Each structure stands twice: as structure tokens, then as C-alpha cells.
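Here's upload01.txt, which has compact mmCIF, C-alpha atoms:
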# COMPACT_ATOMS: atom_id res chain seq x y z
CA MET A 1 0.00 0.00 0.00
CA ASP A 2 1.53 3.33 -1.10
CA LYS A 3 -0.34 5.52 1.34
CA ILE A 4 -2.21 5.17 4.62
CA ASN A 5 -4.57 8.04 5.36
CA GLY A 6 -2.59 10.34 3.10
CA ILE A 7 0.79 9.29 4.53
CA SER A 8 3.29 7.62 2.20
CA GLU A 9 5.01 4.34 3.00
CA LYS A 10 8.33 6.18 3.11
CA THR A 11 7.08 8.54 5.82
CA LEU A 12 5.55 5.67 7.76
CA LEU A 13 8.88 3.82 7.74
CA ILE A 14 10.66 6.94 9.02
CA GLY A 15 8.04 7.12 11.77
CA GLU A 16 8.59 3.48 12.74
CA LYS A 17 12.34 3.98 12.93
CA ALA A 18 11.92 7.15 15.00
CA GLU A 19 9.46 5.51 17.37
CA SER A 20 11.65 2.49 18.02
CA SER A 21 14.55 4.80 18.91
CA VAL A 22 12.68 6.54 21.76
CA PHE A 23 11.21 3.56 23.61
CA GLU A 24 13.34 4.18 26.71
CA VAL A 25 12.42 7.88 26.71
CA PHE A 26 8.72 6.93 26.73
CA LYS A 27 9.31 4.72 29.79
CA LYS A 28 10.79 7.69 31.68
CA ILE A 29 7.79 9.83 30.75
CA ASP A 30 5.42 7.17 32.09
CA LYS A 31 7.35 7.05 35.37
CA VAL A 32 6.98 10.82 35.88
CA ALA A 33 3.29 10.63 34.96
CA PHE A 34 2.68 7.99 37.63
CA ALA A 35 4.43 10.08 40.28
CA ASN A 36 2.35 13.12 39.34
CA GLN A 37 -0.87 11.08 39.29
CA LEU A 38 -0.15 9.91 42.83
CA LYS A 39 0.40 13.52 43.89
CA VAL A 40 -2.90 14.62 42.32
CA GLN A 41 -4.80 11.68 43.82
CA ASN A 42 -3.52 12.61 47.27
CA ALA A 43 -4.58 16.23 46.71
CA PHE A 44 -8.11 15.18 45.75
CA THR A 45 -8.30 13.00 48.85
CA ALA A 46 -7.00 15.77 51.12
CA ALA A 47 -9.54 18.24 49.72
CA ARG A 48 -12.34 15.70 50.22
CA VAL A 49 -13.64 16.24 46.70
CA SER A 50 -17.19 14.94 46.29
CA ALA A 51 -20.02 15.07 43.74
CA ALA A 52 -21.39 18.09 45.61
CA HIS A 53 -18.47 20.12 44.27
CA PHE A 54 -19.73 19.67 40.70
CA ALA A 55 -23.02 21.50 41.26
CA GLU A 56 -23.60 24.52 39.02
CA THR A 57 -23.71 27.95 40.64
CA SER A 58 -24.68 31.33 39.24
CA GLY A 59 -24.64 35.03 40.04
CA TYR A 60 -22.45 35.95 42.98
CA GLY A 61 -21.67 32.30 43.61
CA TYR A 62 -22.05 32.56 47.37
CA ASP A 63 -21.46 29.25 49.14
CA ASP A 64 -19.85 27.75 46.01
CA GLU A 65 -17.90 24.95 47.67
CA SER A 66 -16.13 24.08 44.41
CA ARG A 67 -14.00 27.26 44.58
CA GLU A 68 -12.37 26.35 47.85
CA ALA A 69 -11.92 22.69 46.90
CA ILE A 70 -10.30 23.29 43.49
CA ASP A 71 -7.98 25.86 45.05
CA LYS A 72 -6.90 23.31 47.66
CA VAL A 73 -6.31 20.61 45.04
CA TYR A 74 -4.05 22.88 42.97
CA ALA A 75 -2.16 24.22 45.99
CA GLU A 76 -1.54 20.74 47.40
CA SER A 77 -0.44 19.33 44.04
CA PHE A 78 1.91 22.23 43.32
CA GLY A 79 3.47 22.45 46.79
CA ALA A 80 2.04 25.93 47.32
CA GLU A 81 0.42 27.59 50.31
CA ALA A 82 -2.62 28.64 48.30
CA ALA A 83 -4.02 28.79 44.79
CA LEU A 84 -6.56 30.80 42.82
CA VAL A 85 -8.20 28.70 40.08
CA ARG A 86 -10.89 30.52 38.12
CA ALA A 87 -12.79 30.34 34.85
CA ASN A 88 -12.55 34.16 34.83
CA PHE A 89 -9.02 33.93 33.44
CA VAL A 90 -9.33 34.01 29.66
CA SER A 91 -5.72 33.00 28.91
CA GLY A 92 -2.30 32.38 30.36
CA THR A 93 -1.39 35.98 29.56
CA HIS A 94 -4.40 37.14 31.58
CA ALA A 95 -3.32 35.06 34.58
CA LEU A 96 0.25 36.38 34.31
CA SER A 97 -0.95 39.95 33.92
CA THR A 98 -3.12 39.59 37.03
CA MET A 99 -0.15 38.20 38.95
CA LEU A 100 2.03 41.16 37.96
CA PHE A 101 -0.59 43.82 38.70
CA ALA A 102 -1.29 42.14 42.05
CA VAL A 103 2.21 42.63 43.47
CA LEU A 104 3.67 45.65 41.64
CA ARG A 105 2.98 49.27 42.59
CA PRO A 106 3.98 52.68 41.17
CA GLY A 107 7.71 53.18 41.71
CA ASP A 108 8.43 49.44 41.71
CA THR A 109 10.52 47.81 38.98
CA LEU A 110 10.01 44.41 37.40
CA LEU A 111 13.12 42.47 36.40
CA ALA A 112 12.83 39.87 33.64
CA ALA A 113 15.57 37.51 34.83
CA THR A 114 15.44 35.15 31.85
CA GLY A 115 15.46 37.60 28.98
CA ALA A 116 12.55 39.14 27.14
CA PRO A 117 9.25 37.48 28.12
CA TYR A 118 6.81 35.87 25.70
CA ASP A 119 5.46 38.21 23.02
CA THR A 120 1.96 38.72 24.46
CA LEU A 121 3.32 39.67 27.89
CA ARG A 122 5.42 42.51 26.51
CA GLY A 123 2.30 44.59 25.92
CA VAL A 124 1.28 44.06 29.54
CA ILE A 125 4.62 45.40 30.72
CA ARG A 126 5.32 48.24 28.31
CA GLY A 127 2.26 48.63 26.13
CA GLY A 128 -0.37 51.35 26.00
CA LYS A 129 -2.35 53.30 28.56
CA SER A 130 -3.26 50.24 30.62
CA SER A 131 0.20 48.66 30.85
CA LEU A 132 2.39 48.45 33.95
CA SER A 133 4.59 51.25 32.63
CA ALA A 134 1.56 53.53 32.34
CA PHE A 135 0.99 53.01 36.07
CA GLY A 136 4.57 53.98 36.91
CA VAL A 137 6.08 50.51 37.15
CA GLY A 138 9.63 50.31 35.81
CA TYR A 139 11.11 47.47 33.81
CA ASP A 140 14.52 45.92 33.30
CA GLU A 141 15.64 42.66 31.73
CA VAL A 142 18.77 40.56 31.72
CA PRO A 143 19.23 38.67 28.44
CA LEU A 144 20.11 35.01 28.57
CA LYS A 145 23.76 34.14 28.14
CA ASP A 146 24.32 31.11 25.90
CA GLY A 147 20.71 30.10 26.53
CA THR A 148 20.99 30.19 30.32
CA PRO A 149 20.39 32.88 32.98
CA ASP A 150 23.21 35.41 33.26
CA LYS A 151 23.73 35.36 37.03
CA GLU A 152 26.32 38.11 37.02
CA GLY A 153 23.99 40.29 34.99
CA ILE A 154 21.13 39.54 37.37
CA LYS A 155 23.32 40.37 40.36
CA ARG A 156 24.19 43.75 38.86
CA ALA A 157 20.56 44.45 38.00
CA LEU A 158 19.46 43.72 41.57
CA GLU A 159 21.55 46.64 42.78
CA ASN A 160 18.55 48.72 41.69
CA LYS A 161 16.65 48.95 44.99
CA SER A 162 13.37 49.66 43.22
CA ILE A 163 13.21 46.12 41.88
CA LYS A 164 10.27 44.49 43.61
CA ALA A 165 9.92 41.27 41.59
CA ALA A 166 11.93 39.04 39.28
CA LEU A 167 10.12 37.15 36.52
CA ILE A 168 11.29 33.73 35.34
CA GLN A 169 9.89 32.18 32.17
CA ARG A 170 9.96 28.39 32.28
CA SER A 171 9.12 27.78 28.62
CA LYS A 172 11.33 28.61 25.64
CA GLY A 173 8.52 30.69 24.14
CA TYR A 174 9.48 31.64 20.59
CA ASP A 175 13.22 31.24 21.22
CA PHE A 176 15.10 28.27 19.80
CA ARG A 177 16.71 27.28 23.09
CA PRO A 178 16.27 24.84 25.98
CA SER A 179 13.44 25.55 28.38
CA MET A 180 14.35 25.96 32.04
CA THR A 181 14.13 22.83 34.15
CA VAL A 182 12.48 23.09 37.55
CA SER A 183 15.85 22.32 39.15
CA ASP A 184 17.43 25.24 37.28
CA ILE A 185 14.54 27.47 38.29
CA GLY A 186 15.02 26.44 41.92
CA GLU A 187 18.73 27.29 41.74
CA LEU A 188 17.95 30.68 40.20
CA ILE A 189 15.38 31.40 42.91
CA LYS A 190 17.97 30.62 45.59
CA PHE A 191 20.50 32.84 43.82
CA ILE A 192 18.12 35.79 43.61
CA LYS A 193 17.00 35.39 47.22
CA SER A 194 20.61 35.17 48.41
CA ILE A 195 21.23 38.62 46.97
CA ARG A 196 17.88 40.24 47.74
CA SER A 197 15.59 38.28 50.05
CA ASP A 198 12.97 41.01 49.67
CA VAL A 199 12.56 40.46 45.93
CA LEU A 200 9.55 38.38 44.92
CA VAL A 201 10.21 35.63 42.39
CA LEU A 202 7.38 35.09 39.91
CA VAL A 203 7.26 32.22 37.41
CA ASP A 204 5.51 31.98 34.07
CA ASN A 205 4.69 28.27 34.30
CA CYS A 206 2.76 27.94 31.03
CA TYR A 207 3.33 24.63 29.19
CA GLY A 208 5.31 23.25 32.14
CA GLU A 209 2.85 21.74 34.61
CA PHE A 210 3.36 17.99 35.27
CA VAL A 211 6.26 17.67 32.84
CA GLU A 212 8.48 17.08 35.86
CA GLU A 213 7.69 15.73 39.32
CA THR A 214 8.11 19.11 41.02
CA GLU A 215 6.73 22.60 40.34
CA PRO A 216 8.53 25.93 40.95
CA THR A 217 6.36 26.82 43.97
CA ALA A 218 7.71 23.75 45.77
CA LEU A 219 11.22 25.18 45.32
CA GLY A 220 10.58 28.68 46.60
CA ALA A 221 8.76 30.61 43.88
CA ASP A 222 6.55 33.23 45.52
CA LEU A 223 3.93 33.01 42.77
CA MET A 224 3.45 31.18 39.49
CA ALA A 225 0.68 31.27 36.92
CA GLY A 226 -0.62 29.28 33.99
CA SER A 227 -3.57 28.47 31.74
CA LEU A 228 -6.16 25.71 32.05
CA ILE A 229 -6.37 25.21 28.29
CA LYS A 230 -2.75 24.13 28.45
CA ASN A 231 -1.37 21.38 30.69
CA PRO A 232 -3.41 21.53 33.93
CA GLY A 233 -6.81 21.53 32.21
CA GLY A 234 -6.12 18.06 30.83
CA GLY A 235 -7.97 18.89 27.61
CA LEU A 236 -11.30 19.05 29.48
CA ALA A 237 -11.36 22.50 31.07
CA PRO A 238 -13.03 24.80 28.50
CA THR A 239 -11.26 27.93 29.76
CA GLY A 240 -9.61 29.38 32.85
CA GLY A 241 -6.28 29.86 34.56
CA TYR A 242 -4.57 29.69 37.93
CA ILE A 243 -2.19 31.56 40.20
CA ALA A 244 -0.47 29.62 43.00
CA GLY A 245 2.07 30.46 45.69
CA LYS A 246 2.33 32.29 48.99
CA ARG A 247 -1.06 32.77 50.66
CA GLU A 248 -0.78 36.53 51.13
CA LEU A 249 0.21 37.06 47.50
CA VAL A 250 -2.52 34.79 46.17
CA SER A 251 -4.98 36.91 48.15
CA LEU A 252 -3.64 40.01 46.40
CA ALA A 253 -4.09 38.25 43.07
CA ALA A 254 -7.72 37.49 43.94
CA ASP A 255 -8.27 41.18 44.68
CA ALA A 256 -6.67 42.11 41.37
CA LEU A 257 -8.82 39.62 39.44
CA LEU A 258 -12.10 40.67 41.05
CA ALA A 259 -12.10 43.55 43.54
CA PRO A 260 -10.55 44.37 46.93
CA GLY A 261 -12.85 43.07 49.63
CA ILE A 262 -14.32 40.39 47.38
CA GLY A 263 -11.23 38.36 46.60
CA THR A 264 -11.92 34.64 46.83
CA GLU A 265 -15.39 34.97 48.35
CA CYS A 266 -17.42 35.48 45.15
CA GLY A 267 -17.64 34.11 41.64
CA CYS A 268 -19.84 31.36 40.25
CA ASN A 269 -18.46 28.32 38.46
CA TYR A 270 -20.53 28.77 35.27
CA GLY A 271 -21.23 25.02 35.35
CA MET A 272 -17.57 24.29 34.65
CA ALA A 273 -16.59 22.84 38.02
CA LYS A 274 -16.73 19.19 36.97
CA ALA A 275 -14.65 19.79 33.82
CA MET A 276 -12.05 21.73 35.82
CA PHE A 277 -11.74 19.02 38.47
CA GLN A 278 -11.73 16.16 36.00
CA GLY A 279 -9.34 17.93 33.65
CA PHE A 280 -6.82 18.43 36.44
CA TYR A 281 -7.19 14.80 37.46
CA MET A 282 -6.46 13.74 33.87
CA ALA A 283 -3.63 16.24 33.42
CA PRO A 284 -0.65 14.00 34.37
CA HIS A 285 -1.72 11.49 31.70
CA ALA A 286 -2.57 14.15 29.11
CA VAL A 287 0.81 15.81 29.61
CA ALA A 288 2.56 12.45 29.22
CA GLN A 289 0.77 11.95 25.89
CA ALA A 290 1.84 15.41 24.75
CA LEU A 291 5.43 14.71 25.79
CA LYS A 292 5.50 11.46 23.83
CA THR A 293 4.19 13.36 20.80
CA ALA A 294 6.95 15.95 21.23
CA VAL A 295 9.63 13.27 21.53
CA PHE A 296 8.29 11.49 18.44
CA CYS A 297 8.29 14.79 16.53
CA ALA A 298 11.91 15.41 17.53
CA ALA A 299 12.96 11.94 16.39
CA VAL A 300 11.12 12.16 13.04
CA MET A 301 12.29 15.65 12.16
CA ARG A 302 15.88 14.88 13.16
CA GLU A 303 15.70 11.83 10.92
CA LEU A 304 14.74 14.21 8.11
CA GLY A 305 17.82 16.32 8.81
CA TYR A 306 16.36 19.23 10.75
CA GLU A 307 17.69 20.76 13.96
CA VAL A 308 15.34 20.19 16.88
CA SER A 309 15.09 21.44 20.46
CA PRO A 310 15.07 19.46 22.64
CA GLU A 311 16.72 16.41 21.13
CA PRO A 312 14.58 13.25 21.39
CA ASP A 313 16.38 12.14 24.56
CA GLY A 314 17.06 15.64 25.86
CA ALA A 315 15.88 17.12 29.17
CA ARG A 316 12.34 18.49 29.01
CA SER A 317 10.57 21.02 31.18
CA ASP A 318 7.66 21.89 28.91
CA ILE A 319 5.60 20.19 26.20
CA ILE A 320 7.00 22.29 23.34
CA GLU A 321 9.09 20.84 20.54
CA ALA A 322 10.89 23.36 18.33
CA VAL A 323 11.97 22.47 14.81
CA LYS A 324 14.23 24.80 12.82
CA LEU A 325 12.86 24.55 9.26
CA GLY A 326 14.76 27.45 7.70
CA SER A 327 12.08 28.91 5.43
CA ARG A 328 8.65 30.50 5.54
CA GLU A 329 7.31 27.94 3.07
CA LYS A 330 8.36 24.96 5.19
CA VAL A 331 6.85 26.50 8.33
CA ILE A 332 3.54 26.91 6.51
CA ALA A 333 3.72 23.34 5.17
CA PHE A 334 4.41 21.90 8.63
CA CYS A 335 1.45 23.78 10.12
CA GLU A 336 -0.77 22.64 7.25
CA GLY A 337 0.14 19.05 8.08
CA ILE A 338 -0.70 19.47 11.78
CA GLN A 339 -3.99 21.19 10.92
CA SER A 340 -5.00 18.41 8.52
CA ALA A 341 -4.75 15.86 11.35
CA SER A 342 -6.67 17.98 13.85
CA PRO A 343 -10.11 16.78 14.96
CA VAL A 344 -11.70 20.18 14.36
CA ASP A 345 -11.29 22.30 11.20
CA SER A 346 -9.04 19.72 9.56
CA PHE A 347 -10.07 21.19 6.19
CA VAL A 348 -8.76 24.68 7.05
CA ALA A 349 -5.43 25.94 5.66
CA PRO A 350 -3.62 28.03 8.30
CA VAL A 351 -2.03 31.25 7.04
CA PRO A 352 0.27 33.80 8.71
CA TRP A 353 -1.46 36.94 9.98
CA ALA A 354 -0.94 39.91 12.29
CA MET A 355 -2.25 38.47 15.56
CA PRO A 356 -2.94 40.91 18.43
CA GLY A 357 -0.07 40.99 20.93
CA TYR A 358 2.63 39.79 18.52
CA ASN A 359 5.34 41.82 16.78
CA ASP A 360 5.56 39.58 13.71
CA GLU A 361 3.06 37.74 11.60
CA VAL A 362 2.20 34.45 13.27
CA ILE A 363 0.84 31.21 11.84
CA MET A 364 -1.13 28.86 14.05
CA ALA A 365 -2.40 25.37 13.38
CA ALA A 366 -5.00 24.65 16.03
CA GLY A 367 -7.95 22.39 15.41
CA ALA A 368 -9.09 21.83 18.97
CA PHE A 369 -12.34 21.02 20.76
CA ASN A 370 -11.57 23.93 23.10
CA GLN A 371 -10.51 26.89 20.98
CA GLY A 372 -6.81 27.62 21.39
CA ALA A 373 -6.19 24.62 23.67
CA SER A 374 -2.48 23.96 23.22
CA ILE A 375 -2.65 20.69 25.12
CA GLU A 376 -4.81 19.12 22.39
CA ILE A 377 -2.55 19.56 19.35
CA SER A 378 -1.16 22.74 17.85
CA ALA A 379 1.80 24.23 16.05
CA ASP A 380 2.65 27.88 15.66
CA ALA A 381 5.50 30.12 14.62
CA PRO A 382 6.42 33.77 14.21
CA MET A 383 7.37 34.57 10.64
CA ARG A 384 10.96 35.55 11.35
CA GLU A 385 14.42 34.03 11.27
CA PRO A 386 15.37 31.25 11.86
CA PHE A 387 11.89 30.12 10.78
CA ALA A 388 11.42 27.63 13.58
CA VAL A 389 8.05 26.07 14.26
CA TYR A 390 6.85 25.26 17.78
CA MET A 391 4.63 22.21 18.22
CA GLN A 392 2.86 21.22 21.40
CA GLY A 393 0.09 18.96 22.60
CA GLY A 394 -1.43 15.63 21.70
CA LEU A 395 -4.26 14.50 24.00
CA THR A 396 -3.47 10.97 22.91
CA TYR A 397 -0.12 9.85 21.60
CA GLU A 398 -1.84 8.16 18.68
CA SER A 399 -3.49 11.38 17.49
CA GLY A 400 -0.29 13.33 18.07
CA LYS A 401 1.73 10.78 16.12
CA LEU A 402 -0.68 11.07 13.19
CA ALA A 403 -0.34 14.86 13.20
CA VAL A 404 3.48 14.66 13.20
CA LEU A 405 3.47 12.17 10.33
CA ARG A 406 1.15 14.43 8.34
CA ALA A 407 3.47 17.39 8.97
CA ALA A 408 6.50 15.34 7.93
CA GLU A 409 4.70 14.23 4.78
CA LYS A 410 4.01 17.86 3.84
CA ILE A 411 7.67 18.78 4.31
CA MET A 412 8.88 15.80 2.29
CA GLN A 413 6.63 16.73 -0.62
CA MET A 414 8.35 20.09 -1.04
Represent the structure of the file as C-alpha cells.
Amino acid sequence: MDKINGISEKTLLIGEKAESSVFEVFKKIDKVAFANQLKVQNAFTAARVSAAHFAETSGYGYDDESREAIDKVYAESFGAEAALVRANFVSGTHALSTMLFAVLRPGDTLLAATGAPYDTLRGVIRGGKSSLSAFGVGYDEVPLKDGTPDKEGIKRALENKSIKAALIQRSKGYDFRPSMTVSDIGELIKFIKSIRSDVLVLVDNCYGEFVEETEPTALGADLMAGSLIKNPGGGLAPTGGYIAGKRELVSLAADALLAPGIGTECGCNYGMAKAMFQGFYMAPHAVAQALKTAVFCAAVMRELGYEVSPEPDGARSDIIEAVKLGSREKVIAFCEGIQSASPVDSFVAPVPWAMPGYNDEVIMAAGAFNQGASIEISADAPMREPFAVYMQGGLTYESGKLAVLRAAEKIMQM
């Protein structure tokens, strides 16, 4: 048979070879997933989650027991004092923005300790009339040095006494470099605190939850934030985000999200409580599936001669696999392949466009049941050198594998 579901025999053979080469890597992923599942199970037990927590609430949401329970489950699982898990968060950027506005005041300075943050967060920091800079919050950043934090540069930057918080980005974002491991984040937190114990350390944890057995809050991060349509939603949460960390700071975040004096005491669950609980319970497995998809993608694309990050057996701290394709045309072809294997809008051809919050044209392949849910299957890229594409997700390894093979087929046809 020449083709199976639009995939040539040649591509299928490359896939078989790639898959057989990463068997041991898959075993390690399964081991981490089991450890994280145990942690989540214990958190559900400690929070005494019951069917009563799935009841729909409306309006003010007074006496909504699901709020307190889901917060406890997240906090326990992440090794944090407290958590704020709400459907009100529309994206990871929204959760991060809320975290920043919660702790920074006029005259304070934010230090980006791991280089320029992700594109959409730059507008929050130094954008228009509603940005942090418009409210008198200063900003400084220390570029990465050879892909790792520049500790000497950070030490010099911390001489500025107005610095109130240091931001660490766990994911590579749109940079072709290794993402930061939780161990490395923990070391950087210790380093920053050793110089200035008064500086708050904030972590952008998007794409990183449950990739490793430990989260940054368990290693001293004061606050971290992420999106429920990425890892922790398990593909079931239809929207939402979280902020977790020190209790006092999480309380400030609740005030920033809603209003001072209301904080965590109001807000209905919009009928989403069950999906949020169940999604988090499924998250360790869903993340493992996404990781296997990423590893398979790395092995296939390396077999085709492309530079990948991480390597198939490389250290991973997020679900993103970056592939340096070298041309605009190949980036578009790769995304077309991913889109064609998506469960929703498989017939759509993704094209680059000027997306709000980005400096360059961006192409996104995303055919998901929950719009924009990166944990399902997606690939995106800014249209700039070195023309690298960033793939993430795969609710099941089988569906993710199919998407990767379709993308490889598109590239090979060029």
C-alpha cells in the first residue's frame, strides 16, 4: 500500500524507525506521569472532593464549595500555600498579567531575569495606557547568556533597589533554546533570594505543569501562573487559569482579578466545576501523551535532517518541541500538516497573519475542541528568522503521532 490516510510508505517507515529509537524515553515519561498522578490523587483526597463540588452555581456564587476545593487541590499538588483557580481567566497571559498587577505598585521595577518574556506579555509590561509602565512601574531585563540565565547580569541588575519582583519564564517561548528545568529554576530562585531576600520571584509556568515531578512553587517561587487550556486543564477545562504560591500574594491576586474586599469569596463556576476538576485529574496522563508526541516529533524531524530542540532524549521542562525549518514555506507546510490531522477544522489551511499581541506575523495550526487549547494539538510560529516552528500537545499519543506524520509528509513533498 503506497499511502495510509494520506501518509506515504516512506514517511511511515521513518516514523517506525523514529518511534523504536525513543522507547526508553517513553518509559521515563510514564514514570513521571505515575508520580504526578499519585500527587494529584492525594490532593483530591485531602480536599475531600465529592459530587457536591460539581453543582452549578450562578450570580455571585455565594457558598460555592467548588471554589475552595479546586484551590486546595491545585495548591496541594503544586506544593504551594494557596491557589486561585478561576474560569474568569481568559488566557495564560491574563493570569500572568493579574499576577504582575497584584504585586507591583507605582515606583516598583520588574526584572525579567530570563530575557525578554513571551510576546503577548510585553504589551502588559510596556504597552499602552493600561500597561504596567503607564501606572509607573519600571522594567529591566537581563538577556540570557548562551541560553541560560546570566547570574552576574542579574546580580548587577538587583543593585537597583526599586526592583520588587523578578520574573522567570519556564518555557522557551518563541526562542530556539532549551526551556528551564524546575531544578534550574530552583537554583535561580535561591541565587536571587541570596542577593535580595525582599525580591519576589514570579514564574511563568505555562506549558510546564506535570512535565516534571516538582513545580517551581515547591522550590521557593513566591507566585506562578498558567492556563487551564494548556497542561493543567487536561484537555477538558473549557477555559480558565490559575495563580499559586504564597497565601498573602494569592490573596492580592484574587483582589486584582475581582475587587478588593471580594477576593476569593465570590464568583460562580458557570457550570464548569466538573470539567475543571476532571481535567486536572487527567492532566498528568494528558501531559505524558503530549510529551511522547513531542519526543516522536523530535525523532522524526531529526531523521529528516532538521535541527530540533530538545533532542529526542534531551531534558524536558515543557511540552513544546521546536523544529528549525529554515524557510517561511516549510513552516507553513508543517502547520498545514498538523492542521490536517486535527479533529476540528481539519479542512482549514492556516495562514500567517498579524495576531494581536505579537510583533511579527504568526501562523497557528490549532484544530481543537476547546478553541486555542495547546494541550490538544497545535503548532505555531512567528514569521521571522530562523523560521522555527513550535509544536505542542497531543491529547493521545496516537493522534499526536498522526499529526506529526502528516506534517513530515508535507515537508517531504516540497
Would you write out, as JSON lines, a table of all residues in stretch 263-335 of chain A that have an atom no more than 6 Å from an atom of stretch 386-393 of chain A, listing for each the closest atom pair and the distance in Å to one decimal, considering all atoms listed in the file and ordering rows by chain and rising residue number?
{"residue": "A:Ala290", "atom": "CA", "partner": "A:Gly393", "partner_atom": "CA", "distance": 4.5}
{"residue": "A:Ile319", "atom": "CA", "partner": "A:Gln392", "partner_atom": "CA", "distance": 5.6}
{"residue": "A:Ile320", "atom": "CA", "partner": "A:Gln392", "partner_atom": "CA", "distance": 4.7}
{"residue": "A:Glu321", "atom": "CA", "partner": "A:Met391", "partner_atom": "CA", "distance": 5.2}
{"residue": "A:Ala322", "atom": "CA", "partner": "A:Tyr390", "partner_atom": "CA", "distance": 4.5}
{"residue": "A:Val323", "atom": "CA", "partner": "A:Ala388", "partner_atom": "CA", "distance": 5.3}
{"residue": "A:Lys324", "atom": "CA", "partner": "A:Ala388", "partner_atom": "CA", "distance": 4.1}
{"residue": "A:Leu325", "atom": "CA", "partner": "A:Ala388", "partner_atom": "CA", "distance": 5.5}
{"residue": "A:Gly326", "atom": "CA", "partner": "A:Phe387", "partner_atom": "CA", "distance": 5.0}
{"residue": "A:Ser327", "atom": "CA", "partner": "A:Phe387", "partner_atom": "CA", "distance": 5.5}
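Remark: residues at most 10 Å from position (-5.9, 15.7, 38.0) in file coordinates are Asn36, Gln37, Leu38, Lys39, Val40, Gln41, Ala43, Phe44, Val73, Tyr74, Ser77, Phe210, Pro232, Gly233, Gly234, Met276, Phe277, Gln278, Gly279, Phe280, Tyr281, Met282, Ala283, Pro284, His285 and Ala286 of chain A, using all atoms listed in the file.
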What lies within 8 Å of A:Pro216 using only C-alpha atoms, ignoring chain neighbours under 4 positions off, as a VMD selection string?
chain A and resid 78 182 185 to 186 203 220 to 221 224
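The smallest atom-to-atom distance between A:Val344 and any of A:Asn359, A:Asn370, A:Thr217, A:Thr264, using all atoms listed in the file, is found for A:Asn370.
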Using all atoms listed in the file, determine which residues lie at most 8 Å from stretch 395-408 of chain A, disregarding the query and same-chain residues fewer than 4 positions distant; provide the list as a PDB file with C-alpha atoms, in the coordinates of the input.
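This went into around-v7.pdb:
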ATOM      1  CA  GLY A   6      -2.590  10.340   3.100  1.00  0.00           C
ATOM      2  CA  ILE A   7       0.790   9.290   4.530  1.00  0.00           C
ATOM      3  CA  THR A  11       7.080   8.540   5.820  1.00  0.00           C
ATOM      4  CA  LEU A  12       5.550   5.670   7.760  1.00  0.00           C
ATOM      5  CA  GLY A  15       8.040   7.120  11.770  1.00  0.00           C
ATOM      6  CA  GLY A 234      -6.120  18.060  30.830  1.00  0.00           C
ATOM      7  CA  GLY A 235      -7.970  18.890  27.610  1.00  0.00           C
ATOM      8  CA  ALA A 286      -2.570  14.150  29.110  1.00  0.00           C
ATOM      9  CA  VAL A 287       0.810  15.810  29.610  1.00  0.00           C
ATOM     10  CA  GLN A 289       0.770  11.950  25.890  1.00  0.00           C
ATOM     11  CA  ALA A 290       1.840  15.410  24.750  1.00  0.00           C
ATOM     12  CA  LYS A 292       5.500  11.460  23.830  1.00  0.00           C
ATOM     13  CA  THR A 293       4.190  13.360  20.800  1.00  0.00           C
ATOM     14  CA  PHE A 296       8.290  11.490  18.440  1.00  0.00           C
ATOM     15  CA  CYS A 297       8.290  14.790  16.530  1.00  0.00           C
ATOM     16  CA  VAL A 300      11.120  12.160  13.040  1.00  0.00           C
ATOM     17  CA  MET A 301      12.290  15.650  12.160  1.00  0.00           C
ATOM     18  CA  ALA A 333       3.720  23.340   5.170  1.00  0.00           C
ATOM     19  CA  PHE A 334       4.410  21.900   8.630  1.00  0.00           C
ATOM     20  CA  CYS A 335       1.450  23.780  10.120  1.00  0.00           C
ATOM     21  CA  GLU A 336      -0.770  22.640   7.250  1.00  0.00           C
ATOM     22  CA  GLY A 337       0.140  19.050   8.080  1.00  0.00           C
ATOM     23  CA  ILE A 338      -0.700  19.470  11.780  1.00  0.00           C
ATOM     24  CA  GLN A 339      -3.990  21.190  10.920  1.00  0.00           C
ATOM     25  CA  SER A 340      -5.000  18.410   8.520  1.00  0.00           C
ATOM     26  CA  ALA A 341      -4.750  15.860  11.350  1.00  0.00           C
ATOM     27  CA  SER A 342      -6.670  17.980  13.850  1.00  0.00           C
ATOM     28  CA  ILE A 375      -2.650  20.690  25.120  1.00  0.00           C
ATOM     29  CA  GLU A 376      -4.810  19.120  22.390  1.00  0.00           C
ATOM     30  CA  ILE A 377      -2.550  19.560  19.350  1.00  0.00           C
ATOM     31  CA  MET A 412       8.880  15.800   2.290  1.00  0.00           C
TER      32      MET A 412
END
Restricting to only C-alpha atoms, whichever of A:Tyr242, A:Phe23, A:Tyr174, A:Tyr306 is closest to A:Tyr118 is A:Tyr174
Between atom CA of A:Glu152 and atom CA of A:Ser197 lies a distance of 16.9 Å
Across A:Met383, A:Ala83, A:Ala69, A:Ala315, the smallest distance to A:Arg328, with all atoms listed in the file counted, is shown by A:Met383
| Counting all atoms listed in the file, what is within 8 Å of A:Thr98, bar same-chain residues fewer than 6 positions away, as a VMD selection string? | chain A and resid 253 256 to 257
Compute the distance from (-2.6, 35.3, 39.8) to each atom, counting only C-alpha atoms, keep the residues with any atom at most 7 Å away, and return them as an mmCIF file with C-alpha atoms, keeping the file's coordinate frame; use the coordinates of the file.
data_model
loop_
_atom_site.group_PDB
_atom_site.id
_atom_site.type_symbol
_atom_site.label_atom_id
_atom_site.label_comp_id
_atom_site.auth_asym_id
_atom_site.auth_seq_id
_atom_site.Cartn_x
_atom_site.Cartn_y
_atom_site.Cartn_z
ATOM 1 C CA LEU A 84 -6.560 30.800 42.820
ATOM 2 C CA ALA A 95 -3.320 35.060 34.580
ATOM 3 C CA LEU A 96 0.250 36.380 34.310
ATOM 4 C CA THR A 98 -3.120 39.590 37.030
ATOM 5 C CA MET A 99 -0.150 38.200 38.950
ATOM 6 C CA ALA A 225 0.680 31.270 36.920
ATOM 7 C CA TYR A 242 -4.570 29.690 37.930
ATOM 8 C CA ILE A 243 -2.190 31.560 40.200
ATOM 9 C CA ALA A 244 -0.470 29.620 43.000
ATOM 10 C CA VAL A 250 -2.520 34.790 46.170
ATOM 11 C CA ALA A 253 -4.090 38.250 43.070
ATOM 12 C CA ALA A 254 -7.720 37.490 43.940
#
